[in-house]
Amino acid sequence: MLNLVNIPGLIAILTPPSAAEYVAVIPGAIIALTAVIVILLDVFHRNETTRDYIGYVSAIGMGAAILSCWMLWADSLPTPVFHGMLYADKFGLFFAALSCSVGILAVLMSPRYLQSQGMDRSEYYMLTLFGVLGMIFMANAADLLTIFIALEVMSIPIYCIAAFLRRESRGAEAGLKYFILGAFSTTFMLYGIALIYGLTGSTNLEMVAAGLSTLASAETAASTHAIAMMAVLMVLSGLGFKLAAFPFHMWAPDVYTGSPTPAVGFMATGVKAAAIAAIIRVGVVAFYEPSIRGGFFGYGWIDLLLVMAFGSVILGNLVAIAQTNVKRMLAYSSIAHAGYILVGIVAANSREAFYLYNDTALFYILSYSFGTLGAFGALAYFGRKKGQVETYEHLAGLGLKYPAIGAVLTISMLSSAGIPPTAGFLAKLYVFRAAVDVGVQTGENVFIVLAVVAIMTSVAGVYYYLKVLVFLYMKPATEDVYALEHSGAKFALILSAILTIYLGIFPDRAINAAREAVIDMVGAPAAVQPAIAKGKAMLAAAKAEEARNDAVPVPIIND
Amino acid sequence: MLNSMTQLLTSLPILAAPLTSNGAIPWLTLLTFAPVLFAIALMFVPREQVSVHRTGALIGTLVLFGLSIPVMLMFDATVPFAEGQAFTFQMVEGPVDWISSLGIHYAMGIDGISLWLVMLTTFMMPIAVLSTFSAVENHVKEYMIALLLLEAGMLGALVSLDVFLFYVFWEMMLIPMYFIIGIWGGEDRVKAAVKFFIYTMVGSVLMLIAILYIYFNTDIGGGQHSFLFSDMLSVQLSYKEQLFLFGAFFLAFAIKVPLFPFHTWLPLAHVQAPTAGSVILAAVLLKMGTYGLLRYAFPLFPDAFKTFAPYIAVLAVIGIVYGAIVSLVQDDVKKLVAYSSVSHLGFCVLGLVAMTPQGIQGGLFIMLAHGIATGGLFLCVGILYERRHTKKIKDFGGIAAKMPIFATMFLVLIFASVGLPGLNGFVGEFLAMIGTSQSRFLWFDTAHVFAVTDGGWGFMAAPFFPMPDAQQAGGEMTAYFFAAVAASGVIFAAGYLLWMYRRVMFGPITNPENEKLKDLNSREILYLAPIVLMAVFMGVYPKFFLGRMEPSVHQFLQYMDARVSVKGSVVVEDMPSSYLPTGPIVGGDTEGK
């Protein structure tokens with residue numbers, strides 16, 4: 001929001017945005033349109049048939065949105081659009097495409113599961129679509145208020161999805177818990193935004209950055225620094241709640257247990273991705289002022305994220321060991337994964353020179369998403385006469401009885417555990433590599449410690465992921481679990497497994513996309529421009545190298 | 001859309017670039033990924049067609065053995081050394097950029113060290129598959145797929161020349177083996193499988209950190225790092241760094257070997273694993289540990305290796321004696337053979353750390369001999385178990401009268417494992433002991449230990465092993481002592497194996513169930529006979545194997561001699577002139593690629 005006292009600004013508001021700017025909202029518009037179509041389809045639906053086709057229509061809509069992201073990729077806009085409310089850069093497009101992908105996989109996995117729970121309603125798809133809409137705008141937001149509105153657009157449908165199994169008491173508990181705690185945390189965030197507006201006179205991210213840097217001058221810092229820190233931490237805690245990172249994780253296990261299983265996959269990936277996008281965007285564009293940013297215990301938000309990273313990887317991995325419910329275990333493991341992502345973000349933003357390492361977070365969330373959706377989707381693929389498949393015992397013997405789904409769940413678990421050749425291994429390696437490199441280059445041992453702690457806890461993680469495989473393959477089958485055969489769900493599951501393997505073996509394209517996204521971030525402060533220029537040079541060199549390698553292989557080893 | 005899809009396909013660097021520089025057939029790539037193709041083919045066969053799966057897997061592994069024969073024939077033992085390098089690889093494929101954003105390459109090659117392990121793998125796999133025809137009744141499809149994927153992982157780990165690629169294959173071996181133990185194993189299989197997995201994983205993760213550390217010290221221009229093994233070898237590490245990194249590598253490989261205090265997963269895994277699993281575990285998987293030590297841990301950190309070598313030798317000697325004594329008291333045949341592995345691999349490690357030509361050749365030969373003999377013993381135990389569903393020694397007795405063919409073959413394998421001259425066990429152990437006694441490497445450097453315990457960290461930051469010039473290599477008595485204690489292991493081996501054989505095969509038939517035992521059928525003869533013949537062949541004509549190892553071993557020792565700061569501690573012998581490099585070997589400080 002612009003400063004209204006500023007007269008030229010007022011005039012700017014009154015002029016309508018140019019046609020080129022509307023291009024920026026194409027993915028979001030496609031999603032919104034699909035959501036409207038889904039609502040209309042439900043009106044004309046006859047009750048005797050299933051609502052599978054509504055799921056397919058939603059998936060096609062999101063597929064069209066991904067396609068639009070792909071087509072917009074080459075001509076991202078270098079300036080904010082809609083009077084500084086939205087960005088249309090590759091960073092936003094990356095997360096938009098990611099949200100749509102997880103949305104597609106989640107809706108494809110859902111129909112039979114919802115039927116088995118007696119809740120075959122098209123509201124589910126509509127809510128998922130609006131959730132995706134919120135995620136897209138969260139990643140593209142250029143203003144704290146846009147972020148807030150997008151966050152609510154995302155959250156409210158997801159509160160409803162969490163409570164979707166309304167006949168179960170746990171579903172109601174999940175929805176209510178998520179809603180109350182979520183409302184509480186967004187209130188904090190809104191209060192933080194209000195404080196920032198009070199301090200800087202603006203909510204536009206770039207103007208906030210300018211305002212904060214003026215506040216950082218010696219004469220004003222003494223009086224305003226504490227308030228500015230408070231505001232920043234409030235905003236980030238609101239986002240940290242959505243990320244489900246320690247210490248804002250308390251809701252996750254209960255909500256994940258009570259929500260519909262495929263939707264948990266969506267919540268655990270899409271919402272986290274949106275939160276990551278917003279944290280990186282806000283952190284880099286608005287709060288990059290060194291006194292606010294901190295780092296290495298300079299008491300800024302980086303230090304908060306560092307503590308969150310430590311706490312998440314330790315707590316998530318250790319508590320997950322003790323779980324008997326697989327959904328609960330995956331909830332704790334998702335907390336741990338949030339920790340690994342934060343390791344990457346902390347490493348990347350602690351010094352301007354390491355800005356490019358933000359791509360670790362992007363690649364990690366991408367790899368994590370497919371693995372996690374595969375896991376929740378595989379759980380949702382099975383049904384029981386009473387209730388749903390959620391404990392280890394329910395999984396006993398299913399791997400050999402249903403080899404395809406068993407293989408998907410196995411690949412998902414191996415990926416989450418970080419075992420090659422899956423995407424999860426490469427993503428972890430990429431994050432640890434960043435942390436170790438930052439530690440080595442700056443001589444700050446805290447990063448080495450962080451990397452070692454993260455790696456050691458990931459070994460602890462192997463234990464509970466293996467436990468799933470133990471039950472899946474090494475225990476005798478129990479009779480009352482059966483597969484909810486559905487070709488759409490099967491397709492989505494196999495697709496997520498293939499993507500998990502593909503990203504583990506040929507990650508170059510994804511890594512390069514993540515790098516381009518990070519390099520292209522509009523509104524990045526001047527301090528990181530050298531790093532961005534270096535990244536651009538690296539990408540160009542890599543392209544040239546690729547062209548050269550295609551021509552002649554270079555023998556390096558003596559024959 | 002279509003255009004970009006084709007673009008996507010052609011831009012995959014591995015698929016686009018030719019693997020060999022002269023357009024020759026990429027044998028090693030073929031060998032590594034053919035099992036994956038066979039496994040994928042089996043996935044499409046309905047699970048009810050059990051015999052198709054069995055014969056399919058057998059044909060697949062036989063084809064792989066066939067593919068590996070040209071590799072052996074094309075291997076040229078007279079190739080001159082690559083100057084200043086630790087290894088001269090032949091049939092090199094790549095390096096091709098695999099994940100260029102991380103400096104990861106796809107590169108494969110083979111030398112005298114890995115050649116025979118590759119051959120051992122392809123030789124043992126059809127035998128292992130054939131042995132499962134009657135042993136495994138449930139989930140045959142999954143079993144065969146797991147075996148084939150396991151073979152891919154093992155072959156890949158042996159031939160990869162990029163450390164990342166090696167790590168990927170190293171971990172890839174774990175997963176099928178985990179399933180083989182966990183699904184088709186005995187009563188306590190889940191515990192055994194999880195223990196196997198977690199133990200190996202802990203070691204590997206530490207190794208991964210160490211690999212990353214070296215990776216950051218590589219520089220291939222423009223601030224880019226590389227995982228290529230040759231790039232990593234040229235990294236100069238300070239002594240202190242070497243100590244920690246060697247520790248991480250050593251732990252990973254020592255768990256896999258397994259060396260004495262890290263061996264506790266092995267008996268459990270062996271006893272619980274199905275026969276084919278035990279055979280592969282003993283024959284190939286354990287060798288990955290010794291192979292990793294020789295290929296990666298020793299040449300990457302020569303000075304740290306010099307410091308730790310006598311302590312490793314102590315562990316190896318303890319393992320030899322401990323494994324032998326524990327074997328003596330076992331009442332379970334399979335457990336006895338499992339503990340004998342600990343003892344035999346102790347010999348192998350002792351030979352490798354001696355840093356003499358005989359020692360390393362002996363170590364390498366033990367890897368092969370142990371793979372053949374112990375693999376064969378596990379097969380024999382499996383045959384007994386299939387007939388009687390027990391592995392307890394006391395349930396047997398007098399079997400020889402009922403199963404004469406089996407008794408003969410079992411006896412040959414027992415003697416091979418004991419180390420009777422003329423059979424394969426003797427050659428390796430004899431060479432390893434000769435090599436150990438000749439060693440100038442295995443002496444305790446008290447001055448240095450004092451420095452460490454005294455907290456001399458500043459002194460340790462020196463770039464090289466801080467040895468005064470006057471103090472030269474020595475300590476022959478220590479080496480003789482190691483060899484002498486190790487020799488007792490041979491006597492113990494005769495004790496526990498022959499005693500076991502007597503109790504199982506001879507004497508009166510005490511158990512009426514043993515009356516009905518049938519001798520080997522033709523399929524069992526078909527898979528035991530090659531092993532027996534190979535044990536004899538390796539025993540009477542070891543030169544066939546040693547000759548192809550020799551140049552690689554000499555080159556490795558020259559490299560170590562140039563790199564270790566304590567001069568004169570590595571025994572380097574004169575070699576036939578054909579092995580010599582075309583130019584002078586440059587003593588290796590900054591010499592790299």
# chains A, B, ... in the order shown; residues from 1 in each chain; ligands from 1
>>> residues_around(residues="Val536 (chain B)", least_positions_apart="6", cutoff="7 Å", atoms="only C-alpha atoms", output="list in words")
Gly422, Leu423 and Asn424 of chain B
>>> interface_residues(of="chain B", to="chain A", cutoff="7 Å", atoms="only C-alpha atoms", output="ChimeraX atom specification")
/B:16-17,82,89-90,92,94-96,99-101,168,171-172,182-183,190,202,212,230
>>> residues_around(residues="region 107-114 of chain B", least_positions_apart="4", cutoff="10 Å", atoms="only C-alpha atoms", output="PyMOL selection string")
(chain A and resi 556-557+559) or (chain B and resi 19-20+26-29+32+71-72+75-77+87-98+118-120+155-163+165-166+228-229+291+294-295+360-361+364-365+545-553+556)
>>> write_last_selection(atoms="C-alpha atoms", output="PDB file, in the first residue's frame")
ATOM      1  CA  ILE A 556      40.280 -36.030 -17.541  1.00  0.00           C
ATOM      2  CA  ILE A 557      41.338 -39.418 -16.258  1.00  0.00           C
ATOM      3  CA  ASP A 559      43.501 -43.921 -19.915  1.00  0.00           C
TER       4      ASP A 559
ATOM      5  CA  LEU B  19      30.873 -42.356 -22.865  1.00  0.00           C
ATOM      6  CA  THR B  20      34.138 -43.541 -24.311  1.00  0.00           C
ATOM      7  CA  PRO B  26      31.001 -48.932 -22.747  1.00  0.00           C
ATOM      8  CA  TRP B  27      31.380 -52.355 -21.172  1.00  0.00           C
ATOM      9  CA  LEU B  28      31.347 -51.196 -17.584  1.00  0.00           C
ATOM     10  CA  THR B  29      28.220 -49.116 -17.982  1.00  0.00           C
ATOM     11  CA  THR B  32      26.382 -52.041 -14.218  1.00  0.00           C
ATOM     12  CA  VAL B  71      36.194 -57.106 -19.562  1.00  0.00           C
ATOM     13  CA  MET B  72      38.656 -59.598 -18.097  1.00  0.00           C
ATOM     14  CA  PHE B  75      42.152 -55.960 -19.314  1.00  0.00           C
ATOM     15  CA  ASP B  76      45.762 -55.247 -20.133  1.00  0.00           C
ATOM     16  CA  ALA B  77      48.228 -55.906 -17.333  1.00  0.00           C
ATOM     17  CA  PHE B  87      45.768 -46.003  -9.967  1.00  0.00           C
ATOM     18  CA  THR B  88      45.840 -46.577 -13.678  1.00  0.00           C
ATOM     19  CA  PHE B  89      42.335 -47.157 -14.839  1.00  0.00           C
ATOM     20  CA  GLN B  90      41.533 -48.930 -18.036  1.00  0.00           C
ATOM     21  CA  MET B  91      38.427 -48.998 -20.167  1.00  0.00           C
ATOM     22  CA  VAL B  92      37.607 -45.564 -18.782  1.00  0.00           C
ATOM     23  CA  GLU B  93      34.142 -44.270 -19.563  1.00  0.00           C
ATOM     24  CA  GLY B  94      33.530 -40.602 -19.097  1.00  0.00           C
ATOM     25  CA  PRO B  95      33.936 -38.437 -17.194  1.00  0.00           C
ATOM     26  CA  VAL B  96      30.689 -36.939 -18.373  1.00  0.00           C
ATOM     27  CA  ASP B  97      28.977 -34.169 -16.453  1.00  0.00           C
ATOM     28  CA  TRP B  98      26.159 -35.769 -14.578  1.00  0.00           C
ATOM     29  CA  VAL B 118      33.918 -57.457 -10.472  1.00  0.00           C
ATOM     30  CA  MET B 119      34.620 -60.975 -11.727  1.00  0.00           C
ATOM     31  CA  LEU B 120      33.894 -62.397  -8.272  1.00  0.00           C
ATOM     32  CA  LEU B 155      29.180 -53.609  -9.688  1.00  0.00           C
ATOM     33  CA  GLY B 156      28.561 -49.875  -9.786  1.00  0.00           C
ATOM     34  CA  ALA B 157      30.394 -49.285  -6.524  1.00  0.00           C
ATOM     35  CA  LEU B 158      33.360 -51.264  -7.802  1.00  0.00           C
ATOM     36  CA  VAL B 159      33.800 -49.484 -11.107  1.00  0.00           C
ATOM     37  CA  SER B 160      32.797 -45.889 -10.344  1.00  0.00           C
ATOM     38  CA  LEU B 161      35.541 -43.283 -10.512  1.00  0.00           C
ATOM     39  CA  ASP B 162      33.508 -40.440  -9.088  1.00  0.00           C
ATOM     40  CA  VAL B 163      33.211 -40.441  -5.321  1.00  0.00           C
ATOM     41  CA  LEU B 165      28.727 -42.011  -7.881  1.00  0.00           C
ATOM     42  CA  PHE B 166      30.482 -44.487  -5.619  1.00  0.00           C
ATOM     43  CA  LEU B 228      35.807 -36.805  -9.397  1.00  0.00           C
ATOM     44  CA  PHE B 229      38.109 -39.244  -7.629  1.00  0.00           C
ATOM     45  CA  TYR B 291      38.037 -52.401  -1.277  1.00  0.00           C
ATOM     46  CA  LEU B 294      42.377 -49.648  -0.265  1.00  0.00           C
ATOM     47  CA  ARG B 295      40.821 -47.501  -2.959  1.00  0.00           C
ATOM     48  CA  ILE B 360      48.475 -56.092  -0.559  1.00  0.00           C
ATOM     49  CA  GLN B 361      48.410 -58.884  -3.101  1.00  0.00           C
ATOM     50  CA  LEU B 364      43.401 -58.814  -2.440  1.00  0.00           C
ATOM     51  CA  PHE B 365      43.729 -62.547  -2.966  1.00  0.00           C
ATOM     52  CA  PHE B 545      44.960 -63.726 -10.685  1.00  0.00           C
ATOM     53  CA  LEU B 546      48.045 -62.232  -9.086  1.00  0.00           C
ATOM     54  CA  GLY B 547      49.590 -61.346 -12.420  1.00  0.00           C
ATOM     55  CA  ARG B 548      46.781 -58.983 -13.282  1.00  0.00           C
ATOM     56  CA  MET B 549      46.799 -57.404  -9.830  1.00  0.00           C
ATOM     57  CA  GLU B 550      50.522 -56.929  -9.627  1.00  0.00           C
ATOM     58  CA  PRO B 551      51.028 -53.765 -11.683  1.00  0.00           C
ATOM     59  CA  SER B 552      48.215 -51.994  -9.870  1.00  0.00           C
ATOM     60  CA  VAL B 553      49.630 -53.007  -6.519  1.00  0.00           C
ATOM     61  CA  PHE B 556      49.744 -48.027  -5.582  1.00  0.00           C
TER      62      PHE B 556
END
>>> atom_distance(atom1="CA of Glu151 (chain B)", atom2="CA of Ala34 (chain B)")
9.6 Å
>>> closest_residue(among="A:Lys242, A:Lys490, A:His337, A:His249", to="Tyr402 (chain A)", atoms="only C-alpha atoms")
A:Lys490
>>> residues_around(residues="region 185-193 of chain A", least_positions_apart="4", cutoff="6 Å", atoms="only C-alpha atoms", output="ChimeraX atom specification")
/A:231,234-235,238
>>> select_by_dssp(residues="region 197-377 of chain B", states="alpha helix (DSSP H)", output="number ranges by chain")
B: 197-217, 229-233, 239-256, 265-272, 275-280, 286-292, 298-300, 302-328, 333-353, 357-377
>>> atom_distance(atom1="CA of Tyr53 (chain A)", atom2="CA of Gly171 (chain A)")
25.3 Å
>>> residues_around(residues="region 393-395 of chain A", least_positions_apart="4", cutoff="8 Å", atoms="only C-alpha atoms", output="MDAnalysis selection string")
chainID A and resid 389 399 468 471:472 477:478 481
>>> closest_residue(among="A:Phe248, A:Phe296, A:Tyr87, A:Tyr22", to="Val446 (chain A)", atoms="only C-alpha atoms")
A:Phe296
>>> closest_residue(among="B:Val235, B:Val490, B:Val566, B:Ala192", to="Phe441 (chain B)", atoms="only C-alpha atoms")
B:Val566
>>> atom_distance(atom1="CA of Ala244 (chain A)", atom2="CA of Thr360 (chain A)")
18.7 Å
>>> closest_residue(among="A:Leu495, A:Ala380, A:Ile501, A:Ala150", to="Gln115 (chain A)", atoms="only C-alpha atoms")
A:Ala380
>>> residues_around(residues="region 312-316 of chain B", least_positions_apart="6", cutoff="6 Å", atoms="only C-alpha atoms", output="list in words")
Phe260, Gly346 and Leu350 of chain B
>>> write_last_selection(atoms="C-alpha atoms", output="PDB file, in the first residue's frame")
ATOM      1  CA  PHE B 260      36.804 -56.295  15.257  1.00  0.00           C
ATOM      2  CA  GLY B 346      41.220 -59.743   9.719  1.00  0.00           C
ATOM      3  CA  LEU B 350      46.340 -56.992   8.028  1.00  0.00           C
TER       4      LEU B 350
END
>>> decode(residues="region 213-272 of chain B", atoms="C-alpha atoms", output="mmCIF file, in the first residue's frame")
data_model
loop_
_atom_site.group_PDB
_atom_site.id
_atom_site.type_symbol
_atom_site.label_atom_id
_atom_site.label_comp_id
_atom_site.auth_asym_id
_atom_site.auth_seq_id
_atom_site.Cartn_x
_atom_site.Cartn_y
_atom_site.Cartn_z
ATOM 1 C CA TYR B 213 34.900 -31.655 3.173
ATOM 2 C CA ILE B 214 37.346 -32.898 0.553
ATOM 3 C CA TYR B 215 34.951 -31.783 -2.162
ATOM 4 C CA PHE B 216 35.180 -28.216 -0.897
ATOM 5 C CA ASN B 217 38.947 -28.404 -1.052
ATOM 6 C CA THR B 218 38.975 -29.404 -4.703
ATOM 7 C CA ASP B 219 39.316 -26.688 -7.239
ATOM 8 C CA ILE B 220 38.811 -27.311 -10.911
ATOM 9 C CA GLY B 221 38.971 -23.680 -11.873
ATOM 10 C CA GLY B 222 36.516 -20.828 -11.442
ATOM 11 C CA GLY B 223 35.780 -21.745 -7.838
ATOM 12 C CA GLN B 224 34.081 -24.926 -9.014
ATOM 13 C CA HIS B 225 34.427 -28.095 -6.992
ATOM 14 C CA SER B 226 34.427 -31.664 -8.187
ATOM 15 C CA PHE B 227 33.578 -35.090 -6.852
ATOM 16 C CA LEU B 228 35.807 -36.805 -9.397
ATOM 17 C CA PHE B 229 38.109 -39.244 -7.629
ATOM 18 C CA SER B 230 41.218 -38.042 -9.436
ATOM 19 C CA ASP B 231 40.408 -34.452 -8.433
ATOM 20 C CA MET B 232 39.939 -35.507 -4.837
ATOM 21 C CA LEU B 233 43.235 -37.381 -4.829
ATOM 22 C CA SER B 234 45.081 -34.253 -5.829
ATOM 23 C CA VAL B 235 43.777 -32.302 -2.830
ATOM 24 C CA GLN B 236 46.447 -31.412 -0.280
ATOM 25 C CA LEU B 237 45.126 -31.856 3.232
ATOM 26 C CA SER B 238 46.856 -30.891 6.435
ATOM 27 C CA TYR B 239 47.784 -33.598 8.881
ATOM 28 C CA LYS B 240 45.051 -32.647 11.321
ATOM 29 C CA GLU B 241 42.404 -32.688 8.613
ATOM 30 C CA GLN B 242 43.651 -36.043 7.449
ATOM 31 C CA LEU B 243 43.248 -37.549 10.901
ATOM 32 C CA PHE B 244 39.569 -36.653 11.135
ATOM 33 C CA LEU B 245 38.721 -37.439 7.547
ATOM 34 C CA PHE B 246 40.532 -40.750 7.660
ATOM 35 C CA GLY B 247 38.601 -41.541 10.834
ATOM 36 C CA ALA B 248 35.297 -40.956 9.056
ATOM 37 C CA PHE B 249 36.254 -43.014 6.007
ATOM 38 C CA PHE B 250 37.779 -45.732 8.136
ATOM 39 C CA LEU B 251 34.677 -46.054 10.290
ATOM 40 C CA ALA B 252 32.425 -46.449 7.269
ATOM 41 C CA PHE B 253 34.598 -49.140 5.727
ATOM 42 C CA ALA B 254 35.533 -50.860 8.984
ATOM 43 C CA ILE B 255 31.863 -51.374 9.779
ATOM 44 C CA LYS B 256 31.388 -52.918 6.380
ATOM 45 C CA VAL B 257 34.448 -55.222 6.556
ATOM 46 C CA PRO B 258 33.682 -55.737 9.572
ATOM 47 C CA LEU B 259 36.739 -55.070 11.670
ATOM 48 C CA PHE B 260 36.804 -56.295 15.257
ATOM 49 C CA PRO B 261 34.845 -53.879 17.438
ATOM 50 C CA PHE B 262 32.398 -53.035 14.630
ATOM 51 C CA HIS B 263 31.517 -56.595 13.711
ATOM 52 C CA THR B 264 28.461 -57.146 15.903
ATOM 53 C CA TRP B 265 25.965 -56.728 13.086
ATOM 54 C CA LEU B 266 27.594 -59.443 10.999
ATOM 55 C CA PRO B 267 26.785 -62.704 12.839
ATOM 56 C CA LEU B 268 23.199 -61.600 13.303
ATOM 57 C CA ALA B 269 22.810 -60.615 9.664
ATOM 58 C CA HIS B 270 24.488 -63.786 8.416
ATOM 59 C CA VAL B 271 22.484 -66.121 10.586
ATOM 60 C CA GLN B 272 19.170 -64.468 9.764
#
